[in-house]
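So this one's work.cif, mmCIF, N, CA and C atoms and all ligand atoms:
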```cif
data_work
loop_
_atom_site.label_atom_id
_atom_site.label_comp_id
_atom_site.auth_asym_id
_atom_site.auth_seq_id
_atom_site.Cartn_x
_atom_site.Cartn_y
_atom_site.Cartn_z
N MET A 1 -27.37 46.70 -2.32
CA MET A 1 -26.73 46.48 -3.64
C MET A 1 -26.81 45.01 -4.02
N GLN A 2 -27.20 44.78 -5.22
CA GLN A 2 -27.30 43.40 -5.69
C GLN A 2 -25.89 42.82 -5.87
N LYS A 3 -25.75 41.57 -5.46
CA LYS A 3 -24.46 40.91 -5.63
C LYS A 3 -24.22 40.62 -7.10
N GLN A 4 -23.03 40.83 -7.53
CA GLN A 4 -22.70 40.45 -8.91
C GLN A 4 -21.20 40.23 -9.06
N ILE A 5 -20.85 39.61 -10.15
CA ILE A 5 -19.44 39.35 -10.42
C ILE A 5 -18.70 40.67 -10.53
N LYS A 6 -17.47 40.70 -10.01
CA LYS A 6 -16.67 41.92 -10.08
C LYS A 6 -16.38 42.27 -11.54
N GLN A 7 -16.55 43.55 -11.85
CA GLN A 7 -16.30 44.01 -13.22
C GLN A 7 -14.84 44.40 -13.35
N ILE A 8 -14.04 43.53 -13.90
CA ILE A 8 -12.59 43.80 -13.92
C ILE A 8 -12.12 44.36 -15.26
N GLU A 9 -11.11 45.21 -15.14
CA GLU A 9 -10.44 45.76 -16.32
C GLU A 9 -9.18 44.93 -16.60
N TYR A 10 -8.57 44.47 -15.54
CA TYR A 10 -7.36 43.65 -15.63
C TYR A 10 -7.57 42.43 -14.75
N GLY A 11 -7.19 41.27 -15.25
CA GLY A 11 -7.32 40.07 -14.43
C GLY A 11 -7.76 38.87 -15.24
N TYR A 12 -8.37 37.94 -14.54
CA TYR A 12 -8.79 36.70 -15.20
C TYR A 12 -10.00 36.14 -14.46
N TRP A 13 -10.54 35.04 -14.97
CA TRP A 13 -11.75 34.46 -14.39
C TRP A 13 -11.47 33.04 -13.91
N TRP A 14 -12.15 32.65 -12.86
CA TRP A 14 -12.04 31.29 -12.32
C TRP A 14 -13.44 30.84 -11.92
N ASN A 15 -13.63 29.53 -11.84
CA ASN A 15 -14.95 29.01 -11.51
C ASN A 15 -14.99 28.46 -10.09
N CYS A 16 -16.01 28.83 -9.36
CA CYS A 16 -16.20 28.37 -7.98
C CYS A 16 -16.39 26.85 -7.97
N ALA A 17 -15.69 26.17 -7.04
CA ALA A 17 -15.81 24.71 -6.96
C ALA A 17 -17.13 24.31 -6.28
N GLU A 18 -17.68 25.18 -5.48
CA GLU A 18 -18.93 24.88 -4.75
C GLU A 18 -20.15 24.99 -5.64
N CYS A 19 -20.28 26.14 -6.30
CA CYS A 19 -21.51 26.39 -7.05
C CYS A 19 -21.29 26.51 -8.57
N GLY A 20 -20.03 26.48 -8.99
CA GLY A 20 -19.76 26.51 -10.42
C GLY A 20 -19.85 27.89 -11.06
N THR A 21 -20.11 28.90 -10.27
CA THR A 21 -20.26 30.25 -10.81
C THR A 21 -18.92 30.85 -11.20
N GLU A 22 -18.97 31.63 -12.25
CA GLU A 22 -17.76 32.31 -12.69
C GLU A 22 -17.45 33.49 -11.77
N ASN A 23 -16.19 33.60 -11.39
CA ASN A 23 -15.71 34.70 -10.56
C ASN A 23 -14.60 35.43 -11.30
N ALA A 24 -14.43 36.70 -10.94
CA ALA A 24 -13.36 37.48 -11.56
C ALA A 24 -12.32 37.84 -10.51
N TYR A 25 -11.06 37.69 -10.86
CA TYR A 25 -9.98 38.12 -9.98
C TYR A 25 -9.24 39.25 -10.67
N GLY A 26 -9.05 40.35 -10.00
CA GLY A 26 -8.29 41.43 -10.61
C GLY A 26 -8.78 42.78 -10.16
N LEU A 27 -8.52 43.78 -10.99
CA LEU A 27 -8.81 45.16 -10.64
C LEU A 27 -9.92 45.73 -11.49
N ASN A 28 -10.84 46.44 -10.83
CA ASN A 28 -11.85 47.16 -11.61
C ASN A 28 -11.21 48.47 -12.12
N GLU A 29 -12.02 49.25 -12.83
CA GLU A 29 -11.48 50.44 -13.48
C GLU A 29 -10.79 51.39 -12.50
N GLN A 30 -11.47 51.66 -11.37
CA GLN A 30 -10.93 52.59 -10.38
C GLN A 30 -9.66 52.03 -9.74
N GLU A 31 -9.70 50.75 -9.37
CA GLU A 31 -8.52 50.12 -8.75
C GLU A 31 -7.35 50.11 -9.71
N ALA A 32 -7.64 49.89 -10.98
CA ALA A 32 -6.58 49.86 -11.98
C ALA A 32 -5.95 51.25 -12.12
N GLU A 33 -6.79 52.28 -12.13
CA GLU A 33 -6.26 53.65 -12.22
C GLU A 33 -5.35 53.95 -11.04
N ASP A 34 -5.79 53.54 -9.84
CA ASP A 34 -4.98 53.77 -8.64
C ASP A 34 -3.67 53.00 -8.72
N TYR A 35 -3.78 51.74 -9.13
CA TYR A 35 -2.58 50.90 -9.23
C TYR A 35 -1.58 51.51 -10.19
N ILE A 36 -2.08 51.95 -11.34
CA ILE A 36 -1.21 52.51 -12.39
C ILE A 36 -0.53 53.79 -11.91
N SER A 37 -1.28 54.68 -11.27
CA SER A 37 -0.64 55.93 -10.83
C SER A 37 0.32 55.67 -9.66
N ASP A 38 -0.03 54.75 -8.77
CA ASP A 38 0.90 54.39 -7.68
C ASP A 38 2.17 53.78 -8.24
N TRP A 39 2.00 52.86 -9.18
CA TRP A 39 3.16 52.17 -9.74
C TRP A 39 4.08 53.19 -10.41
N GLU A 40 3.49 54.11 -11.17
CA GLU A 40 4.32 55.08 -11.89
C GLU A 40 5.03 56.04 -10.93
N SER A 41 4.39 56.38 -9.81
CA SER A 41 5.10 57.27 -8.88
C SER A 41 6.17 56.52 -8.09
N ASP A 42 5.99 55.20 -7.91
CA ASP A 42 6.99 54.40 -7.18
C ASP A 42 8.14 53.93 -8.07
N ASN A 43 7.96 54.01 -9.37
CA ASN A 43 8.95 53.41 -10.29
C ASN A 43 9.42 54.40 -11.35
N ALA A 44 9.78 55.58 -10.86
CA ALA A 44 10.20 56.64 -11.79
C ALA A 44 11.33 56.19 -12.71
N GLU A 45 12.22 55.35 -12.20
CA GLU A 45 13.35 54.92 -13.03
C GLU A 45 12.90 54.05 -14.21
N TYR A 46 11.88 53.24 -13.98
CA TYR A 46 11.36 52.42 -15.08
C TYR A 46 10.57 53.27 -16.07
N VAL A 47 9.82 54.23 -15.52
CA VAL A 47 9.04 55.11 -16.38
C VAL A 47 9.98 55.88 -17.31
N ALA A 48 11.14 56.30 -16.75
CA ALA A 48 12.14 57.01 -17.55
C ALA A 48 12.66 56.14 -18.69
N GLU A 49 12.63 54.81 -18.47
CA GLU A 49 13.10 53.89 -19.51
C GLU A 49 11.98 53.50 -20.47
N GLY A 50 10.82 54.10 -20.29
CA GLY A 50 9.72 53.85 -21.22
C GLY A 50 8.67 52.87 -20.76
N GLU A 51 8.81 52.34 -19.53
CA GLU A 51 7.79 51.42 -19.02
C GLU A 51 6.57 52.24 -18.59
N THR A 52 5.42 51.57 -18.59
CA THR A 52 4.21 52.28 -18.16
C THR A 52 3.50 51.50 -17.05
N GLY A 53 2.72 52.23 -16.29
CA GLY A 53 1.91 51.60 -15.25
C GLY A 53 0.92 50.62 -15.85
N GLU A 54 0.39 50.95 -17.04
CA GLU A 54 -0.53 50.04 -17.71
C GLU A 54 0.17 48.71 -18.02
N GLY A 55 1.41 48.82 -18.46
CA GLY A 55 2.17 47.61 -18.79
C GLY A 55 2.39 46.75 -17.56
N ALA A 56 2.74 47.41 -16.44
CA ALA A 56 2.98 46.67 -15.19
C ALA A 56 1.69 46.03 -14.71
N CYS A 57 0.61 46.76 -14.80
CA CYS A 57 -0.70 46.27 -14.36
C CYS A 57 -1.12 45.08 -15.23
N ASP A 58 -0.93 45.21 -16.51
CA ASP A 58 -1.26 44.14 -17.46
C ASP A 58 -0.45 42.88 -17.13
N TRP A 59 0.84 43.06 -16.93
CA TRP A 59 1.73 41.93 -16.63
C TRP A 59 1.33 41.26 -15.31
N ASN A 60 1.11 42.06 -14.27
CA ASN A 60 0.80 41.51 -12.95
C ASN A 60 -0.56 40.85 -12.86
N TYR A 61 -1.54 41.46 -13.49
CA TYR A 61 -2.91 40.93 -13.32
C TYR A 61 -3.38 40.05 -14.46
N ASN A 62 -2.92 40.29 -15.68
CA ASN A 62 -3.38 39.45 -16.79
C ASN A 62 -2.46 38.25 -17.02
N VAL A 63 -1.23 38.33 -16.55
CA VAL A 63 -0.29 37.24 -16.79
C VAL A 63 0.10 36.53 -15.49
N ILE A 64 0.84 37.22 -14.64
CA ILE A 64 1.40 36.60 -13.43
C ILE A 64 0.33 36.08 -12.47
N ALA A 65 -0.69 36.88 -12.24
CA ALA A 65 -1.72 36.48 -11.26
C ALA A 65 -2.36 35.16 -11.67
N GLU A 66 -2.70 35.03 -12.95
CA GLU A 66 -3.35 33.80 -13.40
C GLU A 66 -2.39 32.62 -13.34
N GLU A 67 -1.14 32.85 -13.75
CA GLU A 67 -0.17 31.75 -13.73
C GLU A 67 0.06 31.25 -12.31
N ASN A 68 -0.11 32.12 -11.33
CA ASN A 68 0.12 31.74 -9.94
C ASN A 68 -1.16 31.43 -9.18
N ASP A 69 -2.29 31.40 -9.86
CA ASP A 69 -3.57 31.19 -9.18
C ASP A 69 -3.71 32.12 -7.98
N ALA A 70 -3.57 33.40 -8.23
CA ALA A 70 -3.58 34.39 -7.15
C ALA A 70 -4.87 34.37 -6.33
N HIS A 71 -5.98 33.97 -6.95
CA HIS A 71 -7.24 33.95 -6.21
C HIS A 71 -7.22 32.89 -5.10
N ILE A 72 -6.43 31.81 -5.31
CA ILE A 72 -6.31 30.76 -4.28
C ILE A 72 -5.38 31.27 -3.18
N GLU A 73 -4.26 31.80 -3.61
CA GLU A 73 -3.27 32.37 -2.70
C GLU A 73 -3.92 33.39 -1.75
N GLU A 74 -4.78 34.22 -2.30
CA GLU A 74 -5.39 35.28 -1.50
C GLU A 74 -6.74 34.88 -0.90
N LYS A 75 -7.07 33.59 -1.02
CA LYS A 75 -8.31 33.07 -0.43
C LYS A 75 -9.53 33.91 -0.81
N GLU A 76 -9.65 34.17 -2.08
CA GLU A 76 -10.79 34.93 -2.58
C GLU A 76 -12.07 34.14 -2.33
N LYS A 77 -13.15 34.87 -2.11
CA LYS A 77 -14.44 34.21 -1.89
C LYS A 77 -15.31 34.37 -3.12
N CYS A 78 -16.09 33.32 -3.39
CA CYS A 78 -17.05 33.37 -4.49
C CYS A 78 -18.04 34.50 -4.22
N TRP A 79 -18.30 35.32 -5.25
CA TRP A 79 -19.21 36.45 -5.04
C TRP A 79 -20.63 35.98 -4.78
N LYS A 80 -20.94 34.77 -5.23
CA LYS A 80 -22.31 34.30 -5.13
C LYS A 80 -22.57 33.48 -3.86
N CYS A 81 -21.70 32.51 -3.57
CA CYS A 81 -21.99 31.62 -2.44
C CYS A 81 -21.01 31.77 -1.28
N ASP A 82 -19.99 32.67 -1.43
CA ASP A 82 -19.06 32.94 -0.35
C ASP A 82 -18.06 31.83 -0.06
N ALA A 83 -18.02 30.78 -0.87
CA ALA A 83 -17.06 29.71 -0.65
C ALA A 83 -15.65 30.24 -0.97
N VAL A 84 -14.68 29.86 -0.13
CA VAL A 84 -13.31 30.30 -0.36
C VAL A 84 -12.70 29.47 -1.49
N ALA A 85 -11.93 30.12 -2.34
CA ALA A 85 -11.30 29.43 -3.47
C ALA A 85 -10.33 28.37 -2.96
N THR A 86 -10.47 27.15 -3.47
CA THR A 86 -9.60 26.06 -3.06
C THR A 86 -8.72 25.65 -4.24
N ALA A 87 -7.87 24.67 -3.99
CA ALA A 87 -6.99 24.17 -5.04
C ALA A 87 -7.79 23.62 -6.23
N GLU A 88 -9.03 23.22 -5.98
CA GLU A 88 -9.87 22.70 -7.08
C GLU A 88 -10.24 23.79 -8.08
N THR A 89 -10.04 25.03 -7.71
CA THR A 89 -10.43 26.11 -8.61
C THR A 89 -9.27 26.64 -9.44
N ARG A 90 -8.19 25.87 -9.50
CA ARG A 90 -7.04 26.30 -10.29
C ARG A 90 -7.46 26.55 -11.73
N THR A 91 -6.86 27.53 -12.36
CA THR A 91 -7.22 27.82 -13.75
C THR A 91 -6.51 26.83 -14.67
N GLU A 92 -7.09 26.64 -15.84
CA GLU A 92 -6.49 25.73 -16.82
C GLU A 92 -5.07 26.18 -17.16
N LYS A 93 -4.89 27.48 -17.23
CA LYS A 93 -3.58 28.01 -17.60
C LYS A 93 -2.53 27.65 -16.56
N ALA A 94 -2.87 27.81 -15.28
CA ALA A 94 -1.92 27.49 -14.21
C ALA A 94 -1.60 26.00 -14.21
N LYS A 95 -2.63 25.17 -14.42
CA LYS A 95 -2.41 23.73 -14.45
C LYS A 95 -1.51 23.34 -15.62
N PHE A 96 -1.79 23.98 -16.76
CA PHE A 96 -1.01 23.69 -17.96
C PHE A 96 0.47 24.05 -17.73
N LEU A 97 0.71 25.23 -17.17
CA LEU A 97 2.09 25.66 -16.94
C LEU A 97 2.81 24.75 -15.95
N ASP A 98 2.10 24.32 -14.92
CA ASP A 98 2.70 23.42 -13.95
C ASP A 98 3.08 22.09 -14.60
N ALA A 99 2.18 21.58 -15.44
CA ALA A 99 2.43 20.32 -16.13
C ALA A 99 3.65 20.46 -17.03
N LEU A 100 3.75 21.62 -17.67
CA LEU A 100 4.86 21.90 -18.57
C LEU A 100 6.18 21.90 -17.81
N ILE A 101 6.18 22.55 -16.64
CA ILE A 101 7.39 22.63 -15.82
C ILE A 101 7.78 21.24 -15.33
N ASP A 102 6.78 20.46 -14.87
CA ASP A 102 7.05 19.10 -14.41
C ASP A 102 7.70 18.28 -15.51
N ASN A 103 7.18 18.47 -16.69
CA ASN A 103 7.68 17.75 -17.85
C ASN A 103 9.15 18.09 -18.12
N ILE A 104 9.48 19.37 -18.00
CA ILE A 104 10.85 19.82 -18.24
C ILE A 104 11.77 19.27 -17.16
N VAL A 105 11.31 19.31 -15.91
CA VAL A 105 12.11 18.85 -14.79
C VAL A 105 12.42 17.36 -14.90
N GLN A 106 11.44 16.59 -15.38
CA GLN A 106 11.63 15.14 -15.49
C GLN A 106 12.62 14.74 -16.58
N LYS A 107 12.82 15.63 -17.56
CA LYS A 107 13.70 15.25 -18.68
C LYS A 107 15.18 15.43 -18.40
ZN ZN B 1 -19.72 29.77 -5.45
#
```

Give the structure from this file in C-alpha cells form.
Amino acid sequence: MQKQIKQIEYGYWWNCAECGTENAYGLNEQEAEDYISDWESDNAEYVAEGETGEGACDWNYNVIAEENDAHIEEKEKCWKCDAVATAETRTEKAKFLDALIDNIVQK
C-alpha cells in the first residue's frame, strides 16, 4: 500500500518539523463511525438530553484535540518520514490560545 496522509473526517492538520509535510490527526470515516456509536452507547443520559455522538466527536477532534496539540501528546509519527511530532510542530491555534492565556494571567 502506498503511503499517504490519513484521510480524516474529524480532526486537524499539522506540519512535520523534519520534512515539512502536512499530516492529519484525527479519525477517518470508519473510526469516526465507531467513535460515535461507542460514545452514544456509553452516554445514554446525554443522548436523552439531545446530545449526539457527532457533536462529541466534533468537539473532541475538531476543537479540543487541536487546542491541546494532541498529535504531540500522543507522539504521532509523520506519515512520510516517520519523525515523531515534537513541540516544534505545535499548531498555530494552540500557540495562539497559549499566548492568549499567558496574556490574561499576566494582567
Ligand atoms: Zn516528516

If you count only C-alpha atoms and all ligand atoms, which residues end up within 7 Å of ligand ZN 1 (chain B), as a PDB file with N, CA and C atoms, in the frame of the given file?
```
ATOM      1  N   CYS A  16     -16.010  28.830  -9.360  1.00  0.00           N
ATOM      2  CA  CYS A  16     -16.200  28.370  -7.980  1.00  0.00           C
ATOM      3  C   CYS A  16     -16.390  26.850  -7.970  1.00  0.00           C
ATOM      4  N   ALA A  17     -15.690  26.170  -7.040  1.00  0.00           N
ATOM      5  CA  ALA A  17     -15.810  24.710  -6.960  1.00  0.00           C
ATOM      6  C   ALA A  17     -17.130  24.310  -6.280  1.00  0.00           C
ATOM      7  N   GLU A  18     -17.680  25.180  -5.480  1.00  0.00           N
ATOM      8  CA  GLU A  18     -18.930  24.880  -4.750  1.00  0.00           C
ATOM      9  C   GLU A  18     -20.150  24.990  -5.640  1.00  0.00           C
ATOM     10  N   CYS A  19     -20.280  26.140  -6.300  1.00  0.00           N
ATOM     11  CA  CYS A  19     -21.510  26.390  -7.050  1.00  0.00           C
ATOM     12  C   CYS A  19     -21.290  26.510  -8.570  1.00  0.00           C
ATOM     13  N   GLY A  20     -20.030  26.480  -8.990  1.00  0.00           N
ATOM     14  CA  GLY A  20     -19.760  26.510 -10.420  1.00  0.00           C
ATOM     15  C   GLY A  20     -19.850  27.890 -11.060  1.00  0.00           C
ATOM     16  N   THR A  21     -20.110  28.900 -10.270  1.00  0.00           N
ATOM     17  CA  THR A  21     -20.260  30.250 -10.810  1.00  0.00           C
ATOM     18  C   THR A  21     -18.920  30.850 -11.200  1.00  0.00           C
ATOM     19  N   CYS A  78     -16.090  33.320  -3.390  1.00  0.00           N
ATOM     20  CA  CYS A  78     -17.050  33.370  -4.490  1.00  0.00           C
ATOM     21  C   CYS A  78     -18.040  34.500  -4.220  1.00  0.00           C
ATOM     22  N   TRP A  79     -18.300  35.320  -5.250  1.00  0.00           N
ATOM     23  CA  TRP A  79     -19.210  36.450  -5.040  1.00  0.00           C
ATOM     24  C   TRP A  79     -20.630  35.980  -4.780  1.00  0.00           C
ATOM     25  N   LYS A  80     -20.940  34.770  -5.230  1.00  0.00           N
ATOM     26  CA  LYS A  80     -22.310  34.300  -5.130  1.00  0.00           C
ATOM     27  C   LYS A  80     -22.570  33.480  -3.860  1.00  0.00           C
ATOM     28  N   CYS A  81     -21.700  32.510  -3.570  1.00  0.00           N
ATOM     29  CA  CYS A  81     -21.990  31.620  -2.440  1.00  0.00           C
ATOM     30  C   CYS A  81     -21.010  31.770  -1.280  1.00  0.00           C
ATOM     31  N   ASP A  82     -19.990  32.670  -1.430  1.00  0.00           N
ATOM     32  CA  ASP A  82     -19.060  32.940  -0.350  1.00  0.00           C
ATOM     33  C   ASP A  82     -18.060  31.830  -0.060  1.00  0.00           C
ATOM     34  N   ALA A  83     -18.020  30.780  -0.870  1.00  0.00           N
ATOM     35  CA  ALA A  83     -17.060  29.710  -0.650  1.00  0.00           C
ATOM     36  C   ALA A  83     -15.650  30.240  -0.970  1.00  0.00           C
TER      37      ALA A  83
END
```

Using only C-alpha atoms, which residues sit within 12 Å of A:Lys93 once same-chain residues fewer than 2 positions away are excluded, as a PDB file with N, CA and C atoms, in the coordinates of the input?
```
ATOM      1  N   TYR A  12      -8.370  37.940 -14.540  1.00  0.00           N
ATOM      2  CA  TYR A  12      -8.790  36.700 -15.200  1.00  0.00           C
ATOM      3  C   TYR A  12     -10.000  36.140 -14.460  1.00  0.00           C
ATOM      4  N   TRP A  13     -10.540  35.040 -14.970  1.00  0.00           N
ATOM      5  CA  TRP A  13     -11.750  34.460 -14.390  1.00  0.00           C
ATOM      6  C   TRP A  13     -11.470  33.040 -13.910  1.00  0.00           C
ATOM      7  N   TRP A  14     -12.150  32.650 -12.860  1.00  0.00           N
ATOM      8  CA  TRP A  14     -12.040  31.290 -12.320  1.00  0.00           C
ATOM      9  C   TRP A  14     -13.440  30.840 -11.920  1.00  0.00           C
ATOM     10  N   ASN A  62      -2.920  40.290 -15.680  1.00  0.00           N
ATOM     11  CA  ASN A  62      -3.380  39.450 -16.790  1.00  0.00           C
ATOM     12  C   ASN A  62      -2.460  38.250 -17.020  1.00  0.00           C
ATOM     13  N   VAL A  63      -1.230  38.330 -16.550  1.00  0.00           N
ATOM     14  CA  VAL A  63      -0.290  37.240 -16.790  1.00  0.00           C
ATOM     15  C   VAL A  63       0.100  36.530 -15.490  1.00  0.00           C
ATOM     16  N   ILE A  64       0.840  37.220 -14.640  1.00  0.00           N
ATOM     17  CA  ILE A  64       1.400  36.600 -13.430  1.00  0.00           C
ATOM     18  C   ILE A  64       0.330  36.080 -12.470  1.00  0.00           C
ATOM     19  N   ALA A  65      -0.690  36.880 -12.240  1.00  0.00           N
ATOM     20  CA  ALA A  65      -1.720  36.480 -11.260  1.00  0.00           C
ATOM     21  C   ALA A  65      -2.360  35.160 -11.670  1.00  0.00           C
ATOM     22  N   GLU A  66      -2.700  35.030 -12.950  1.00  0.00           N
ATOM     23  CA  GLU A  66      -3.350  33.800 -13.400  1.00  0.00           C
ATOM     24  C   GLU A  66      -2.390  32.620 -13.340  1.00  0.00           C
ATOM     25  N   GLU A  67      -1.140  32.850 -13.750  1.00  0.00           N
ATOM     26  CA  GLU A  67      -0.170  31.750 -13.730  1.00  0.00           C
ATOM     27  C   GLU A  67       0.060  31.250 -12.310  1.00  0.00           C
ATOM     28  N   ASN A  68      -0.110  32.120 -11.330  1.00  0.00           N
ATOM     29  CA  ASN A  68       0.120  31.740  -9.940  1.00  0.00           C
ATOM     30  C   ASN A  68      -1.160  31.430  -9.180  1.00  0.00           C
ATOM     31  N   ASP A  69      -2.290  31.400  -9.860  1.00  0.00           N
ATOM     32  CA  ASP A  69      -3.570  31.190  -9.180  1.00  0.00           C
ATOM     33  C   ASP A  69      -3.710  32.120  -7.980  1.00  0.00           C
ATOM     34  N   THR A  89     -10.040  25.030  -7.710  1.00  0.00           N
ATOM     35  CA  THR A  89     -10.430  26.110  -8.610  1.00  0.00           C
ATOM     36  C   THR A  89      -9.270  26.640  -9.440  1.00  0.00           C
ATOM     37  N   ARG A  90      -8.190  25.870  -9.500  1.00  0.00           N
ATOM     38  CA  ARG A  90      -7.040  26.300 -10.290  1.00  0.00           C
ATOM     39  C   ARG A  90      -7.460  26.550 -11.730  1.00  0.00           C
ATOM     40  N   THR A  91      -6.860  27.530 -12.360  1.00  0.00           N
ATOM     41  CA  THR A  91      -7.220  27.820 -13.750  1.00  0.00           C
ATOM     42  C   THR A  91      -6.510  26.830 -14.670  1.00  0.00           C
ATOM     43  N   LYS A  95      -2.630  25.170 -14.420  1.00  0.00           N
ATOM     44  CA  LYS A  95      -2.410  23.730 -14.450  1.00  0.00           C
ATOM     45  C   LYS A  95      -1.510  23.340 -15.620  1.00  0.00           C
ATOM     46  N   PHE A  96      -1.790  23.980 -16.760  1.00  0.00           N
ATOM     47  CA  PHE A  96      -1.010  23.690 -17.960  1.00  0.00           C
ATOM     48  C   PHE A  96       0.470  24.050 -17.730  1.00  0.00           C
ATOM     49  N   LEU A  97       0.710  25.230 -17.170  1.00  0.00           N
ATOM     50  CA  LEU A  97       2.090  25.660 -16.940  1.00  0.00           C
ATOM     51  C   LEU A  97       2.810  24.750 -15.950  1.00  0.00           C
ATOM     52  N   ASP A  98       2.100  24.320 -14.920  1.00  0.00           N
ATOM     53  CA  ASP A  98       2.700  23.420 -13.950  1.00  0.00           C
ATOM     54  C   ASP A  98       3.080  22.090 -14.600  1.00  0.00           C
ATOM     55  N   ALA A  99       2.180  21.580 -15.440  1.00  0.00           N
ATOM     56  CA  ALA A  99       2.430  20.320 -16.130  1.00  0.00           C
ATOM     57  C   ALA A  99       3.650  20.460 -17.030  1.00  0.00           C
ATOM     58  N   LEU A 100       3.750  21.620 -17.670  1.00  0.00           N
ATOM     59  CA  LEU A 100       4.860  21.900 -18.570  1.00  0.00           C
ATOM     60  C   LEU A 100       6.180  21.900 -17.810  1.00  0.00           C
TER      61      LEU A 100
END
```

Check the smallest atom-to-atom distance from each of A:Ala56, A:Ala24, A:Ile104, A:Ala32 to A:Ala70 using only C-alpha atoms, then report the winner.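 Closest candidate: A:Ala24.
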
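Take atom CA of A:Glu22 and atom CA of A:Gly53: the distance between them is 27.7 Å.
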
Can you list, as an NGL selection string, all residues belonging to chain A that DSSP tags as strand (DSSP E)? :A and (10-15 or 22-27)

Write a file of the selected residues as a PDB file, in the frame of the given file, keeping N, CA and C atoms.
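After the write, part-v8.pdb holds the following:
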```pdb
ATOM      1  N   TYR A  10      -8.570  44.470 -15.540  1.00  0.00           N
ATOM      2  CA  TYR A  10      -7.360  43.650 -15.630  1.00  0.00           C
ATOM      3  C   TYR A  10      -7.570  42.430 -14.750  1.00  0.00           C
ATOM      4  N   GLY A  11      -7.190  41.270 -15.250  1.00  0.00           N
ATOM      5  CA  GLY A  11      -7.320  40.070 -14.430  1.00  0.00           C
ATOM      6  C   GLY A  11      -7.760  38.870 -15.240  1.00  0.00           C
ATOM      7  N   TYR A  12      -8.370  37.940 -14.540  1.00  0.00           N
ATOM      8  CA  TYR A  12      -8.790  36.700 -15.200  1.00  0.00           C
ATOM      9  C   TYR A  12     -10.000  36.140 -14.460  1.00  0.00           C
ATOM     10  N   TRP A  13     -10.540  35.040 -14.970  1.00  0.00           N
ATOM     11  CA  TRP A  13     -11.750  34.460 -14.390  1.00  0.00           C
ATOM     12  C   TRP A  13     -11.470  33.040 -13.910  1.00  0.00           C
ATOM     13  N   TRP A  14     -12.150  32.650 -12.860  1.00  0.00           N
ATOM     14  CA  TRP A  14     -12.040  31.290 -12.320  1.00  0.00           C
ATOM     15  C   TRP A  14     -13.440  30.840 -11.920  1.00  0.00           C
ATOM     16  N   ASN A  15     -13.630  29.530 -11.840  1.00  0.00           N
ATOM     17  CA  ASN A  15     -14.950  29.010 -11.510  1.00  0.00           C
ATOM     18  C   ASN A  15     -14.990  28.460 -10.090  1.00  0.00           C
ATOM     19  N   GLU A  22     -18.970  31.630 -12.250  1.00  0.00           N
ATOM     20  CA  GLU A  22     -17.760  32.310 -12.690  1.00  0.00           C
ATOM     21  C   GLU A  22     -17.450  33.490 -11.770  1.00  0.00           C
ATOM     22  N   ASN A  23     -16.190  33.600 -11.390  1.00  0.00           N
ATOM     23  CA  ASN A  23     -15.710  34.700 -10.560  1.00  0.00           C
ATOM     24  C   ASN A  23     -14.600  35.430 -11.300  1.00  0.00           C
ATOM     25  N   ALA A  24     -14.430  36.700 -10.940  1.00  0.00           N
ATOM     26  CA  ALA A  24     -13.360  37.480 -11.560  1.00  0.00           C
ATOM     27  C   ALA A  24     -12.320  37.840 -10.510  1.00  0.00           C
ATOM     28  N   TYR A  25     -11.060  37.690 -10.860  1.00  0.00           N
ATOM     29  CA  TYR A  25      -9.980  38.120  -9.980  1.00  0.00           C
ATOM     30  C   TYR A  25      -9.240  39.250 -10.670  1.00  0.00           C
ATOM     31  N   GLY A  26      -9.050  40.350 -10.000  1.00  0.00           N
ATOM     32  CA  GLY A  26      -8.290  41.430 -10.610  1.00  0.00           C
ATOM     33  C   GLY A  26      -8.780  42.780 -10.160  1.00  0.00           C
ATOM     34  N   LEU A  27      -8.520  43.780 -10.990  1.00  0.00           N
ATOM     35  CA  LEU A  27      -8.810  45.160 -10.640  1.00  0.00           C
ATOM     36  C   LEU A  27      -9.920  45.730 -11.490  1.00  0.00           C
TER      37      LEU A  27
END
```

DSSP helix (DSSP H, G or I) residues within stretch 2-77 of chain A, as JSON, numbers by chain: {"A": [29, 30, 31, 32, 33, 34, 35, 36, 37, 38, 39, 40, 41, 42, 44, 45, 46, 47, 48, 53, 54, 55, 56, 57, 58, 59, 60, 61, 62, 63, 64, 65, 66, 67, 70, 71, 72, 73]}

Residue nearest A:Trp39 - candidates A:Glu54, A:Ile101, A:Lys75, A:Ala87, atoms counted: all atoms listed in the file: A:Glu54

Take atom C of A:Tyr10 and atom CA of A:Asp34 and report the distance between them in Å, one decimal.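 Value for the atom C of A:Tyr10-atom CA of A:Asp34 distance: 13.1 Å.
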
What separation in Å, quoted to one decimal, exists between atom CA of A:Trp59 and atom C of A:Glu88? 23.4 Å
